[in-house]
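Structure file data14.cif (mmCIF, N, CA, C and O atoms) is printed below.
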```cif
data_coords
#
loop_
_atom_site.group_PDB
_atom_site.id
_atom_site.type_symbol
_atom_site.label_atom_id
_atom_site.label_comp_id
_atom_site.auth_asym_id
_atom_site.auth_seq_id
_atom_site.Cartn_x
_atom_site.Cartn_y
_atom_site.Cartn_z
ATOM 1 N N MET A 72 -5.902 -14.122 -5.441
ATOM 2 C CA MET A 72 -4.489 -13.822 -5.455
ATOM 3 C C MET A 72 -3.743 -15.139 -5.285
ATOM 4 O O MET A 72 -4.021 -15.910 -4.370
ATOM 5 N N THR A 73 -2.808 -15.376 -6.180
ATOM 6 C CA THR A 73 -2.047 -16.615 -6.104
ATOM 7 C C THR A 73 -1.025 -16.537 -4.971
ATOM 8 O O THR A 73 -0.688 -15.445 -4.501
ATOM 9 N N GLU A 74 -0.556 -17.682 -4.582
ATOM 10 C CA GLU A 74 0.455 -17.762 -3.520
ATOM 11 C C GLU A 74 1.728 -17.000 -3.913
ATOM 12 O O GLU A 74 2.305 -16.273 -3.117
ATOM 13 N N ARG A 75 2.120 -17.171 -5.156
ATOM 14 C CA ARG A 75 3.336 -16.502 -5.646
ATOM 15 C C ARG A 75 3.162 -14.980 -5.658
ATOM 16 O O ARG A 75 4.065 -14.235 -5.264
ATOM 17 N N GLU A 76 1.990 -14.525 -6.118
ATOM 18 C CA GLU A 76 1.725 -13.083 -6.155
ATOM 19 C C GLU A 76 1.712 -12.499 -4.744
ATOM 20 O O GLU A 76 2.270 -11.432 -4.499
ATOM 21 N N LEU A 77 1.085 -13.213 -3.809
ATOM 22 C CA LEU A 77 1.044 -12.765 -2.422
ATOM 23 C C LEU A 77 2.454 -12.675 -1.838
ATOM 24 O O LEU A 77 2.804 -11.683 -1.198
ATOM 25 N N ASP A 78 3.273 -13.687 -2.093
ATOM 26 C CA ASP A 78 4.658 -13.665 -1.601
ATOM 27 C C ASP A 78 5.438 -12.484 -2.174
ATOM 28 O O ASP A 78 6.175 -11.818 -1.458
ATOM 29 N N GLU A 79 5.263 -12.224 -3.465
ATOM 30 C CA GLU A 79 5.978 -11.117 -4.090
ATOM 31 C C GLU A 79 5.541 -9.773 -3.496
ATOM 32 O O GLU A 79 6.364 -8.921 -3.183
ATOM 33 N N ILE A 80 4.238 -9.618 -3.323
ATOM 34 C CA ILE A 80 3.734 -8.360 -2.765
ATOM 35 C C ILE A 80 4.256 -8.157 -1.348
ATOM 36 O O ILE A 80 4.761 -7.089 -1.014
ATOM 37 N N LEU A 81 4.121 -9.173 -0.503
ATOM 38 C CA LEU A 81 4.513 -9.017 0.899
ATOM 39 C C LEU A 81 6.016 -8.870 1.078
ATOM 40 O O LEU A 81 6.465 -8.158 1.977
ATOM 41 N N THR A 82 6.788 -9.506 0.221
ATOM 42 C CA THR A 82 8.238 -9.473 0.365
ATOM 43 C C THR A 82 8.866 -8.226 -0.255
ATOM 44 O O THR A 82 9.704 -7.574 0.376
ATOM 45 N N TYR A 83 8.460 -7.901 -1.465
ATOM 46 C CA TYR A 83 9.132 -6.831 -2.188
ATOM 47 C C TYR A 83 8.385 -5.513 -2.228
ATOM 48 O O TYR A 83 8.987 -4.457 -2.174
ATOM 49 N N ARG A 84 7.079 -5.565 -2.384
ATOM 50 C CA ARG A 84 6.320 -4.335 -2.612
ATOM 51 C C ARG A 84 5.712 -3.736 -1.354
ATOM 52 O O ARG A 84 5.615 -2.518 -1.230
ATOM 53 N N TRP A 85 5.280 -4.583 -0.419
ATOM 54 C CA TRP A 85 4.584 -4.065 0.760
ATOM 55 C C TRP A 85 5.461 -3.173 1.633
ATOM 56 O O TRP A 85 4.982 -2.174 2.176
ATOM 57 N N PRO A 86 6.746 -3.463 1.809
ATOM 58 C CA PRO A 86 7.582 -2.531 2.581
ATOM 59 C C PRO A 86 7.598 -1.124 1.989
ATOM 60 O O PRO A 86 7.589 -0.140 2.729
ATOM 61 N N LEU A 87 7.583 -1.010 0.663
ATOM 62 C CA LEU A 87 7.534 0.312 0.023
ATOM 63 C C LEU A 87 6.196 0.994 0.279
ATOM 64 O O LEU A 87 6.140 2.193 0.562
ATOM 65 N N VAL A 88 5.125 0.210 0.171
ATOM 66 C CA VAL A 88 3.786 0.751 0.443
ATOM 67 C C VAL A 88 3.715 1.244 1.883
ATOM 68 O O VAL A 88 3.252 2.351 2.147
ATOM 69 N N MET A 89 4.205 0.439 2.808
ATOM 70 C CA MET A 89 4.169 0.831 4.220
ATOM 71 C C MET A 89 4.949 2.113 4.460
ATOM 72 O O MET A 89 4.487 3.007 5.160
ATOM 73 N N ARG A 90 6.136 2.194 3.886
ATOM 74 C CA ARG A 90 6.968 3.370 4.078
ATOM 75 C C ARG A 90 6.265 4.628 3.572
ATOM 76 O O ARG A 90 6.258 5.659 4.237
ATOM 77 N N ARG A 91 5.654 4.534 2.418
ATOM 78 C CA ARG A 91 4.961 5.692 1.846
ATOM 79 C C ARG A 91 3.733 6.079 2.661
ATOM 80 O O ARG A 91 3.498 7.253 2.922
ATOM 81 N N VAL A 92 2.934 5.083 3.053
ATOM 82 C CA VAL A 92 1.706 5.378 3.798
ATOM 83 C C VAL A 92 2.043 5.939 5.173
ATOM 84 O O VAL A 92 1.452 6.935 5.610
ATOM 85 N N MET A 93 2.979 5.334 5.864
ATOM 86 C CA MET A 93 3.298 5.773 7.217
ATOM 87 C C MET A 93 3.961 7.149 7.213
ATOM 88 O O MET A 93 3.811 7.923 8.150
ATOM 89 N N GLY A 94 4.675 7.497 6.164
ATOM 90 C CA GLY A 94 5.360 8.776 6.117
ATOM 91 C C GLY A 94 4.546 9.902 5.526
ATOM 92 O O GLY A 94 4.650 11.044 5.951
ATOM 93 N N ASP A 95 3.706 9.587 4.540
ATOM 94 C CA ASP A 95 3.038 10.642 3.782
ATOM 95 C C ASP A 95 1.552 10.804 4.086
ATOM 96 O O ASP A 95 1.004 11.862 3.859
ATOM 97 N N SER A 96 0.907 9.763 4.552
ATOM 98 C CA SER A 96 -0.548 9.796 4.678
ATOM 99 C C SER A 96 -1.001 10.256 6.062
ATOM 100 O O SER A 96 -0.363 9.966 7.069
ATOM 101 N N SER A 97 -2.117 10.944 6.082
ATOM 102 C CA SER A 97 -2.730 11.317 7.357
ATOM 103 C C SER A 97 -3.988 10.479 7.587
ATOM 104 O O SER A 97 -4.711 10.708 8.547
ATOM 105 N N ASP A 98 -4.233 9.501 6.722
ATOM 106 C CA ASP A 98 -5.410 8.636 6.813
ATOM 107 C C ASP A 98 -5.143 7.514 7.820
ATOM 108 O O ASP A 98 -4.392 6.585 7.546
ATOM 109 N N ASP A 99 -5.774 7.611 8.982
ATOM 110 C CA ASP A 99 -5.548 6.613 10.038
ATOM 111 C C ASP A 99 -6.035 5.225 9.632
ATOM 112 O O ASP A 99 -5.431 4.222 10.002
ATOM 113 N N TRP A 100 -7.150 5.163 8.874
ATOM 114 C CA TRP A 100 -7.645 3.857 8.445
ATOM 115 C C TRP A 100 -6.623 3.172 7.551
ATOM 116 O O TRP A 100 -6.344 1.983 7.701
ATOM 117 N N LEU A 101 -6.045 3.913 6.616
ATOM 118 C CA LEU A 101 -5.064 3.357 5.692
ATOM 119 C C LEU A 101 -3.819 2.891 6.434
ATOM 120 O O LEU A 101 -3.287 1.816 6.146
ATOM 121 N N LYS A 102 -3.365 3.680 7.399
ATOM 122 C CA LYS A 102 -2.207 3.278 8.199
ATOM 123 C C LYS A 102 -2.496 1.976 8.944
ATOM 124 O O LYS A 102 -1.658 1.078 8.991
ATOM 125 N N GLY A 103 -3.682 1.870 9.525
ATOM 126 C CA GLY A 103 -4.062 0.649 10.226
ATOM 127 C C GLY A 103 -4.144 -0.541 9.288
ATOM 128 O O GLY A 103 -3.740 -1.654 9.638
ATOM 129 N N PHE A 104 -4.651 -0.321 8.087
ATOM 130 C CA PHE A 104 -4.768 -1.399 7.106
ATOM 131 C C PHE A 104 -3.398 -1.934 6.705
ATOM 132 O O PHE A 104 -3.190 -3.147 6.710
ATOM 133 N N VAL A 105 -2.469 -1.063 6.354
ATOM 134 C CA VAL A 105 -1.155 -1.548 5.919
ATOM 135 C C VAL A 105 -0.406 -2.241 7.053
ATOM 136 O O VAL A 105 0.277 -3.236 6.823
ATOM 137 N N ARG A 106 -0.572 -1.744 8.283
ATOM 138 C CA ARG A 106 0.041 -2.431 9.435
ATOM 139 C C ARG A 106 -0.589 -3.805 9.641
ATOM 140 O O ARG A 106 0.108 -4.788 9.921
ATOM 141 N N SER A 107 -1.910 -3.870 9.501
ATOM 142 C CA SER A 107 -2.624 -5.129 9.684
ATOM 143 C C SER A 107 -2.188 -6.174 8.661
ATOM 144 O O SER A 107 -1.950 -7.336 9.003
ATOM 145 N N ILE A 108 -2.063 -5.765 7.404
ATOM 146 C CA ILE A 108 -1.631 -6.695 6.361
ATOM 147 C C ILE A 108 -0.210 -7.179 6.644
ATOM 148 O O ILE A 108 0.098 -8.361 6.507
ATOM 149 N N ALA A 109 0.667 -6.288 7.062
ATOM 150 C CA ALA A 109 2.046 -6.678 7.381
ATOM 151 C C ALA A 109 2.075 -7.671 8.536
ATOM 152 O O ALA A 109 2.823 -8.650 8.505
ATOM 153 N N ARG A 110 1.239 -7.433 9.527
ATOM 154 C CA ARG A 110 1.185 -8.326 10.684
ATOM 155 C C ARG A 110 0.615 -9.690 10.293
ATOM 156 O O ARG A 110 1.173 -10.731 10.630
ATOM 157 N N HIS A 111 -0.497 -9.696 9.550
ATOM 158 C CA HIS A 111 -1.112 -10.962 9.126
ATOM 159 C C HIS A 111 -0.219 -11.712 8.143
ATOM 160 O O HIS A 111 -0.196 -12.943 8.131
ATOM 161 N N GLY A 112 0.515 -10.978 7.307
ATOM 162 C CA GLY A 112 1.364 -11.602 6.302
ATOM 163 C C GLY A 112 2.489 -12.437 6.877
ATOM 164 O O GLY A 112 3.061 -13.268 6.180
ATOM 165 N N LYS A 113 2.784 -12.262 8.148
ATOM 166 C CA LYS A 113 3.841 -13.055 8.790
ATOM 167 C C LYS A 113 3.377 -14.479 9.099
ATOM 168 O O LYS A 113 4.201 -15.360 9.307
ATOM 169 N N ARG A 114 2.060 -14.671 9.135
ATOM 170 C CA ARG A 114 1.519 -16.014 9.406
ATOM 171 C C ARG A 114 1.488 -16.816 8.109
ATOM 172 O O ARG A 114 0.970 -16.346 7.085
ATOM 173 N N ALA A 115 2.031 -18.005 8.137
ATOM 174 C CA ALA A 115 2.145 -18.818 6.922
ATOM 175 C C ALA A 115 0.793 -19.204 6.329
ATOM 176 O O ALA A 115 0.650 -19.288 5.111
ATOM 177 N N ALA A 116 -0.213 -19.422 7.146
ATOM 178 C CA ALA A 116 -1.511 -19.891 6.651
ATOM 179 C C ALA A 116 -2.457 -18.758 6.257
ATOM 180 O O ALA A 116 -3.538 -19.006 5.745
ATOM 181 N N TRP A 117 -2.072 -17.517 6.450
ATOM 182 C CA TRP A 117 -2.975 -16.391 6.173
ATOM 183 C C TRP A 117 -3.092 -16.130 4.686
ATOM 184 O O TRP A 117 -2.114 -16.148 3.956
ATOM 185 N N ARG A 118 -4.318 -15.865 4.253
ATOM 186 C CA ARG A 118 -4.598 -15.445 2.890
ATOM 187 C C ARG A 118 -5.534 -14.250 2.968
ATOM 188 O O ARG A 118 -6.479 -14.247 3.738
ATOM 189 N N PRO A 119 -5.306 -13.224 2.162
ATOM 190 C CA PRO A 119 -6.171 -12.048 2.212
ATOM 191 C C PRO A 119 -7.557 -12.357 1.649
ATOM 192 O O PRO A 119 -7.702 -13.194 0.756
ATOM 193 N N SER A 120 -8.558 -11.674 2.183
ATOM 194 C CA SER A 120 -9.906 -11.795 1.636
ATOM 195 C C SER A 120 -9.933 -11.136 0.259
ATOM 196 O O SER A 120 -8.974 -10.461 -0.139
ATOM 197 N N ALA A 121 -11.042 -11.293 -0.442
ATOM 198 C CA ALA A 121 -11.165 -10.691 -1.768
ATOM 199 C C ALA A 121 -11.057 -9.166 -1.679
ATOM 200 O O ALA A 121 -10.390 -8.529 -2.496
ATOM 201 N N LYS A 122 -11.693 -8.578 -0.675
ATOM 202 C CA LYS A 122 -11.644 -7.125 -0.510
ATOM 203 C C LYS A 122 -10.230 -6.668 -0.147
ATOM 204 O O LYS A 122 -9.741 -5.665 -0.671
ATOM 205 N N GLN A 123 -9.556 -7.394 0.760
ATOM 206 C CA GLN A 123 -8.175 -7.057 1.118
ATOM 207 C C GLN A 123 -7.263 -7.153 -0.103
ATOM 208 O O GLN A 123 -6.415 -6.289 -0.318
ATOM 209 N N SER A 124 -7.443 -8.199 -0.910
ATOM 210 C CA SER A 124 -6.625 -8.371 -2.118
ATOM 211 C C SER A 124 -6.806 -7.199 -3.062
ATOM 212 O O SER A 124 -5.835 -6.683 -3.623
ATOM 213 N N GLN A 125 -8.042 -6.782 -3.232
ATOM 214 C CA GLN A 125 -8.335 -5.660 -4.119
ATOM 215 C C GLN A 125 -7.652 -4.383 -3.634
ATOM 216 O O GLN A 125 -7.013 -3.674 -4.421
ATOM 217 N N ILE A 126 -7.745 -4.103 -2.349
ATOM 218 C CA ILE A 126 -7.121 -2.901 -1.786
ATOM 219 C C ILE A 126 -5.604 -3.004 -1.865
ATOM 220 O O ILE A 126 -4.924 -2.031 -2.209
ATOM 221 N N MET A 127 -5.069 -4.183 -1.578
ATOM 222 C CA MET A 127 -3.621 -4.375 -1.644
ATOM 223 C C MET A 127 -3.099 -4.117 -3.056
ATOM 224 O O MET A 127 -2.098 -3.426 -3.232
ATOM 225 N N ARG A 128 -3.783 -4.665 -4.060
ATOM 226 C CA ARG A 128 -3.353 -4.469 -5.451
ATOM 227 C C ARG A 128 -3.401 -2.995 -5.832
ATOM 228 O O ARG A 128 -2.507 -2.493 -6.514
ATOM 229 N N ARG A 129 -4.457 -2.306 -5.391
ATOM 230 C CA ARG A 129 -4.582 -0.881 -5.711
ATOM 231 C C ARG A 129 -3.445 -0.092 -5.070
ATOM 232 O O ARG A 129 -2.808 0.739 -5.720
ATOM 233 N N LEU A 130 -3.152 -0.383 -3.795
ATOM 234 C CA LEU A 130 -2.075 0.328 -3.105
ATOM 235 C C LEU A 130 -0.717 0.047 -3.742
ATOM 236 O O LEU A 130 0.113 0.951 -3.880
ATOM 237 N N VAL A 131 -0.486 -1.198 -4.120
ATOM 238 C CA VAL A 131 0.784 -1.547 -4.764
ATOM 239 C C VAL A 131 0.915 -0.818 -6.093
ATOM 240 O O VAL A 131 1.977 -0.273 -6.407
ATOM 241 N N SER A 132 -0.169 -0.752 -6.857
ATOM 242 C CA SER A 132 -0.069 -0.071 -8.149
ATOM 243 C C SER A 132 0.111 1.437 -7.984
ATOM 244 O O SER A 132 0.794 2.072 -8.769
ATOM 245 N N GLU A 133 -0.488 2.008 -6.938
ATOM 246 C CA GLU A 133 -0.371 3.451 -6.715
ATOM 247 C C GLU A 133 0.916 3.843 -5.992
ATOM 248 O O GLU A 133 1.516 4.858 -6.305
ATOM 249 N N LEU A 134 1.311 3.049 -4.997
ATOM 250 C CA LEU A 134 2.405 3.458 -4.114
ATOM 251 C C LEU A 134 3.642 2.578 -4.173
ATOM 252 O O LEU A 134 4.732 3.045 -3.867
ATOM 253 N N GLY A 135 3.486 1.320 -4.510
ATOM 254 C CA GLY A 135 4.591 0.383 -4.386
ATOM 255 C C GLY A 135 5.478 0.254 -5.588
ATOM 256 O O GLY A 135 6.472 -0.453 -5.547
ATOM 257 N N THR A 136 5.147 0.933 -6.686
ATOM 258 C CA THR A 136 5.957 0.778 -7.882
ATOM 259 C C THR A 136 6.585 2.083 -8.347
ATOM 260 O O THR A 136 7.501 2.063 -9.145
ATOM 261 N N THR A 137 6.098 3.207 -7.865
ATOM 262 C CA THR A 137 6.679 4.484 -8.287
ATOM 263 C C THR A 137 7.991 4.700 -7.558
ATOM 264 O O THR A 137 8.120 4.405 -6.378
ATOM 265 N N PRO A 138 8.991 5.180 -8.265
ATOM 266 C CA PRO A 138 10.283 5.404 -7.604
ATOM 267 C C PRO A 138 10.181 6.523 -6.572
ATOM 268 O O PRO A 138 9.411 7.464 -6.733
ATOM 269 N N GLU A 139 10.948 6.373 -5.526
ATOM 270 C CA GLU A 139 10.977 7.400 -4.493
ATOM 271 C C GLU A 139 11.639 8.648 -5.051
ATOM 272 O O GLU A 139 12.496 8.575 -5.924
ATOM 273 N N GLN A 140 11.238 9.786 -4.515
ATOM 274 C CA GLN A 140 11.837 11.033 -4.966
ATOM 275 C C GLN A 140 13.307 11.055 -4.577
ATOM 276 O O GLN A 140 13.681 10.610 -3.508
ATOM 277 N N GLU A 141 14.092 11.583 -5.480
ATOM 278 C CA GLU A 141 15.520 11.670 -5.186
ATOM 279 C C GLU A 141 15.762 12.758 -4.155
ATOM 280 O O GLU A 141 15.150 13.812 -4.183
ATOM 281 N N VAL A 142 16.675 12.468 -3.265
ATOM 282 C CA VAL A 142 17.036 13.424 -2.231
ATOM 283 C C VAL A 142 18.127 14.316 -2.781
ATOM 284 O O VAL A 142 19.117 13.848 -3.335
ATOM 285 N N GLU A 143 17.949 15.605 -2.617
ATOM 286 C CA GLU A 143 18.972 16.537 -3.078
ATOM 287 C C GLU A 143 20.029 16.679 -1.972
ATOM 288 O O GLU A 143 19.724 17.058 -0.849
ATOM 289 N N LEU A 144 21.248 16.342 -2.309
ATOM 290 C CA LEU A 144 22.331 16.412 -1.351
ATOM 291 C C LEU A 144 22.793 17.857 -1.171
ATOM 292 O O LEU A 144 22.836 18.637 -2.119
ATOM 293 N N ILE A 145 23.136 18.174 0.054
ATOM 294 C CA ILE A 145 23.612 19.516 0.360
ATOM 295 C C ILE A 145 25.080 19.655 -0.029
ATOM 296 O O ILE A 145 25.514 20.696 -0.476
ATOM 297 N N GLU A 146 25.814 18.559 0.113
ATOM 298 C CA GLU A 146 27.246 18.597 -0.198
ATOM 299 C C GLU A 146 27.467 18.840 -1.692
ATOM 300 O O GLU A 146 26.731 18.364 -2.517
ATOM 301 N N ARG A 147 28.495 19.554 -2.000
ATOM 302 C CA ARG A 147 28.832 19.814 -3.422
ATOM 303 C C ARG A 147 30.272 19.503 -3.661
ATOM 304 O O ARG A 147 31.109 19.598 -2.930
#
```
Show me, as structure tokens, the structure contained in the file I just sent.
Amino acid sequence: MTERELDEILTYRWPLVMRRVMGDSSDDWLKGFVRSIARHGKRAAWRPSAKQSQIMRRLVSELGTTPEQEVELIER
């Protein structure tokens, strides 16, 4: 994973992934993983391992790019 790709994922896409996983998932391992990546991503010298990169890319493609469901307003 390039430095630029990592920056883009952590800055723009990872917050969406975190929001979806923390709100929708009951998988404790996945919740721990996304929290761990967010925590490690704050360190300037941190780089994800090959396995972490693979999981991050998969999560971003599955969760970080799909638009959120529109909320139906009660007001008319």
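Considering the residues A:Arg128, A:Arg90, A:Lys102, A:Arg110 and counting only C-alpha atoms, Leu77 in chain A has its shortest atom-to-atom contact with A:Arg128.
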Would you compute, for all listed atoms of range 103-108 of chain A, the axis-aligned bounding box grown by 6 Å on each side, and then report its centre and edge lengths in Å rounded to one decimal, as AutoDock Vina command-line options?
```
--center_x -2.2 --center_y -3.2 --center_z 8.1 --size_x 17.0 --size_y 22.2 --size_z 16.3
```
Smallest atom-to-atom distance to Ser124 in chain A: which of A:Gly112, A:Met89, A:Thr82, A:Met72, using all atoms listed in the file?
-> A:Met72
Tell me, which residues of chain A carry DSSP alpha helix (DSSP H), written as number ranges by chain?
-> A: 74-79, 85-95, 99-111, 121-130
Take the residues just selected and output them with N, CA, C and O atoms as a short mmCIF file (atom, residue, chain, number, x, y, z; two decimals), keeping the file's coordinate frame.
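Wrote it out as part_9.cif, contents follow:
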```cif
data_model
loop_
_atom_site.label_atom_id
_atom_site.label_comp_id
_atom_site.auth_asym_id
_atom_site.auth_seq_id
_atom_site.Cartn_x
_atom_site.Cartn_y
_atom_site.Cartn_z
N GLU A 74 -0.56 -17.68 -4.58
CA GLU A 74 0.46 -17.76 -3.52
C GLU A 74 1.73 -17.00 -3.91
O GLU A 74 2.31 -16.27 -3.12
N ARG A 75 2.12 -17.17 -5.16
CA ARG A 75 3.34 -16.50 -5.65
C ARG A 75 3.16 -14.98 -5.66
O ARG A 75 4.07 -14.24 -5.26
N GLU A 76 1.99 -14.52 -6.12
CA GLU A 76 1.72 -13.08 -6.16
C GLU A 76 1.71 -12.50 -4.74
O GLU A 76 2.27 -11.43 -4.50
N LEU A 77 1.08 -13.21 -3.81
CA LEU A 77 1.04 -12.76 -2.42
C LEU A 77 2.45 -12.68 -1.84
O LEU A 77 2.80 -11.68 -1.20
N ASP A 78 3.27 -13.69 -2.09
CA ASP A 78 4.66 -13.66 -1.60
C ASP A 78 5.44 -12.48 -2.17
O ASP A 78 6.18 -11.82 -1.46
N GLU A 79 5.26 -12.22 -3.46
CA GLU A 79 5.98 -11.12 -4.09
C GLU A 79 5.54 -9.77 -3.50
O GLU A 79 6.36 -8.92 -3.18
N TRP A 85 5.28 -4.58 -0.42
CA TRP A 85 4.58 -4.07 0.76
C TRP A 85 5.46 -3.17 1.63
O TRP A 85 4.98 -2.17 2.18
N PRO A 86 6.75 -3.46 1.81
CA PRO A 86 7.58 -2.53 2.58
C PRO A 86 7.60 -1.12 1.99
O PRO A 86 7.59 -0.14 2.73
N LEU A 87 7.58 -1.01 0.66
CA LEU A 87 7.53 0.31 0.02
C LEU A 87 6.20 0.99 0.28
O LEU A 87 6.14 2.19 0.56
N VAL A 88 5.12 0.21 0.17
CA VAL A 88 3.79 0.75 0.44
C VAL A 88 3.72 1.24 1.88
O VAL A 88 3.25 2.35 2.15
N MET A 89 4.20 0.44 2.81
CA MET A 89 4.17 0.83 4.22
C MET A 89 4.95 2.11 4.46
O MET A 89 4.49 3.01 5.16
N ARG A 90 6.14 2.19 3.89
CA ARG A 90 6.97 3.37 4.08
C ARG A 90 6.26 4.63 3.57
O ARG A 90 6.26 5.66 4.24
N ARG A 91 5.65 4.53 2.42
CA ARG A 91 4.96 5.69 1.85
C ARG A 91 3.73 6.08 2.66
O ARG A 91 3.50 7.25 2.92
N VAL A 92 2.93 5.08 3.05
CA VAL A 92 1.71 5.38 3.80
C VAL A 92 2.04 5.94 5.17
O VAL A 92 1.45 6.94 5.61
N MET A 93 2.98 5.33 5.86
CA MET A 93 3.30 5.77 7.22
C MET A 93 3.96 7.15 7.21
O MET A 93 3.81 7.92 8.15
N GLY A 94 4.68 7.50 6.16
CA GLY A 94 5.36 8.78 6.12
C GLY A 94 4.55 9.90 5.53
O GLY A 94 4.65 11.04 5.95
N ASP A 95 3.71 9.59 4.54
CA ASP A 95 3.04 10.64 3.78
C ASP A 95 1.55 10.80 4.09
O ASP A 95 1.00 11.86 3.86
N ASP A 99 -5.77 7.61 8.98
CA ASP A 99 -5.55 6.61 10.04
C ASP A 99 -6.04 5.22 9.63
O ASP A 99 -5.43 4.22 10.00
N TRP A 100 -7.15 5.16 8.87
CA TRP A 100 -7.64 3.86 8.44
C TRP A 100 -6.62 3.17 7.55
O TRP A 100 -6.34 1.98 7.70
N LEU A 101 -6.04 3.91 6.62
CA LEU A 101 -5.06 3.36 5.69
C LEU A 101 -3.82 2.89 6.43
O LEU A 101 -3.29 1.82 6.15
N LYS A 102 -3.36 3.68 7.40
CA LYS A 102 -2.21 3.28 8.20
C LYS A 102 -2.50 1.98 8.94
O LYS A 102 -1.66 1.08 8.99
N GLY A 103 -3.68 1.87 9.52
CA GLY A 103 -4.06 0.65 10.23
C GLY A 103 -4.14 -0.54 9.29
O GLY A 103 -3.74 -1.65 9.64
N PHE A 104 -4.65 -0.32 8.09
CA PHE A 104 -4.77 -1.40 7.11
C PHE A 104 -3.40 -1.93 6.70
O PHE A 104 -3.19 -3.15 6.71
N VAL A 105 -2.47 -1.06 6.35
CA VAL A 105 -1.16 -1.55 5.92
C VAL A 105 -0.41 -2.24 7.05
O VAL A 105 0.28 -3.24 6.82
N ARG A 106 -0.57 -1.74 8.28
CA ARG A 106 0.04 -2.43 9.44
C ARG A 106 -0.59 -3.80 9.64
O ARG A 106 0.11 -4.79 9.92
N SER A 107 -1.91 -3.87 9.50
CA SER A 107 -2.62 -5.13 9.68
C SER A 107 -2.19 -6.17 8.66
O SER A 107 -1.95 -7.34 9.00
N ILE A 108 -2.06 -5.76 7.40
CA ILE A 108 -1.63 -6.70 6.36
C ILE A 108 -0.21 -7.18 6.64
O ILE A 108 0.10 -8.36 6.51
N ALA A 109 0.67 -6.29 7.06
CA ALA A 109 2.05 -6.68 7.38
C ALA A 109 2.08 -7.67 8.54
O ALA A 109 2.82 -8.65 8.51
N ARG A 110 1.24 -7.43 9.53
CA ARG A 110 1.18 -8.33 10.68
C ARG A 110 0.62 -9.69 10.29
O ARG A 110 1.17 -10.73 10.63
N HIS A 111 -0.50 -9.70 9.55
CA HIS A 111 -1.11 -10.96 9.13
C HIS A 111 -0.22 -11.71 8.14
O HIS A 111 -0.20 -12.94 8.13
N ALA A 121 -11.04 -11.29 -0.44
CA ALA A 121 -11.16 -10.69 -1.77
C ALA A 121 -11.06 -9.17 -1.68
O ALA A 121 -10.39 -8.53 -2.50
N LYS A 122 -11.69 -8.58 -0.68
CA LYS A 122 -11.64 -7.12 -0.51
C LYS A 122 -10.23 -6.67 -0.15
O LYS A 122 -9.74 -5.66 -0.67
N GLN A 123 -9.56 -7.39 0.76
CA GLN A 123 -8.18 -7.06 1.12
C GLN A 123 -7.26 -7.15 -0.10
O GLN A 123 -6.42 -6.29 -0.32
N SER A 124 -7.44 -8.20 -0.91
CA SER A 124 -6.62 -8.37 -2.12
C SER A 124 -6.81 -7.20 -3.06
O SER A 124 -5.84 -6.68 -3.62
N GLN A 125 -8.04 -6.78 -3.23
CA GLN A 125 -8.34 -5.66 -4.12
C GLN A 125 -7.65 -4.38 -3.63
O GLN A 125 -7.01 -3.67 -4.42
N ILE A 126 -7.74 -4.10 -2.35
CA ILE A 126 -7.12 -2.90 -1.79
C ILE A 126 -5.60 -3.00 -1.86
O ILE A 126 -4.92 -2.03 -2.21
N MET A 127 -5.07 -4.18 -1.58
CA MET A 127 -3.62 -4.38 -1.64
C MET A 127 -3.10 -4.12 -3.06
O MET A 127 -2.10 -3.43 -3.23
N ARG A 128 -3.78 -4.66 -4.06
CA ARG A 128 -3.35 -4.47 -5.45
C ARG A 128 -3.40 -3.00 -5.83
O ARG A 128 -2.51 -2.49 -6.51
N ARG A 129 -4.46 -2.31 -5.39
CA ARG A 129 -4.58 -0.88 -5.71
C ARG A 129 -3.44 -0.09 -5.07
O ARG A 129 -2.81 0.74 -5.72
N LEU A 130 -3.15 -0.38 -3.80
CA LEU A 130 -2.08 0.33 -3.10
C LEU A 130 -0.72 0.05 -3.74
O LEU A 130 0.11 0.95 -3.88
#
```
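Between atom N of Gln125 in chain A and atom O of Arg91 in chain A the interatomic distance comes to 19.2 Å.
For the pair CA of Val105 in chain A and atom O of Trp85 in chain A, the separation is 7.2 Å.
Residue nearest Val88 in chain A within the list A:Val131, A:Ile126, A:Arg114, A:Ala109: A:Val131 [criterion: smallest interatomic distance, only N, CA, C and O atoms].
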Between atom C of Leu81 in chain A and atom N of Trp100 in chain A lies a distance of 20.8 Å
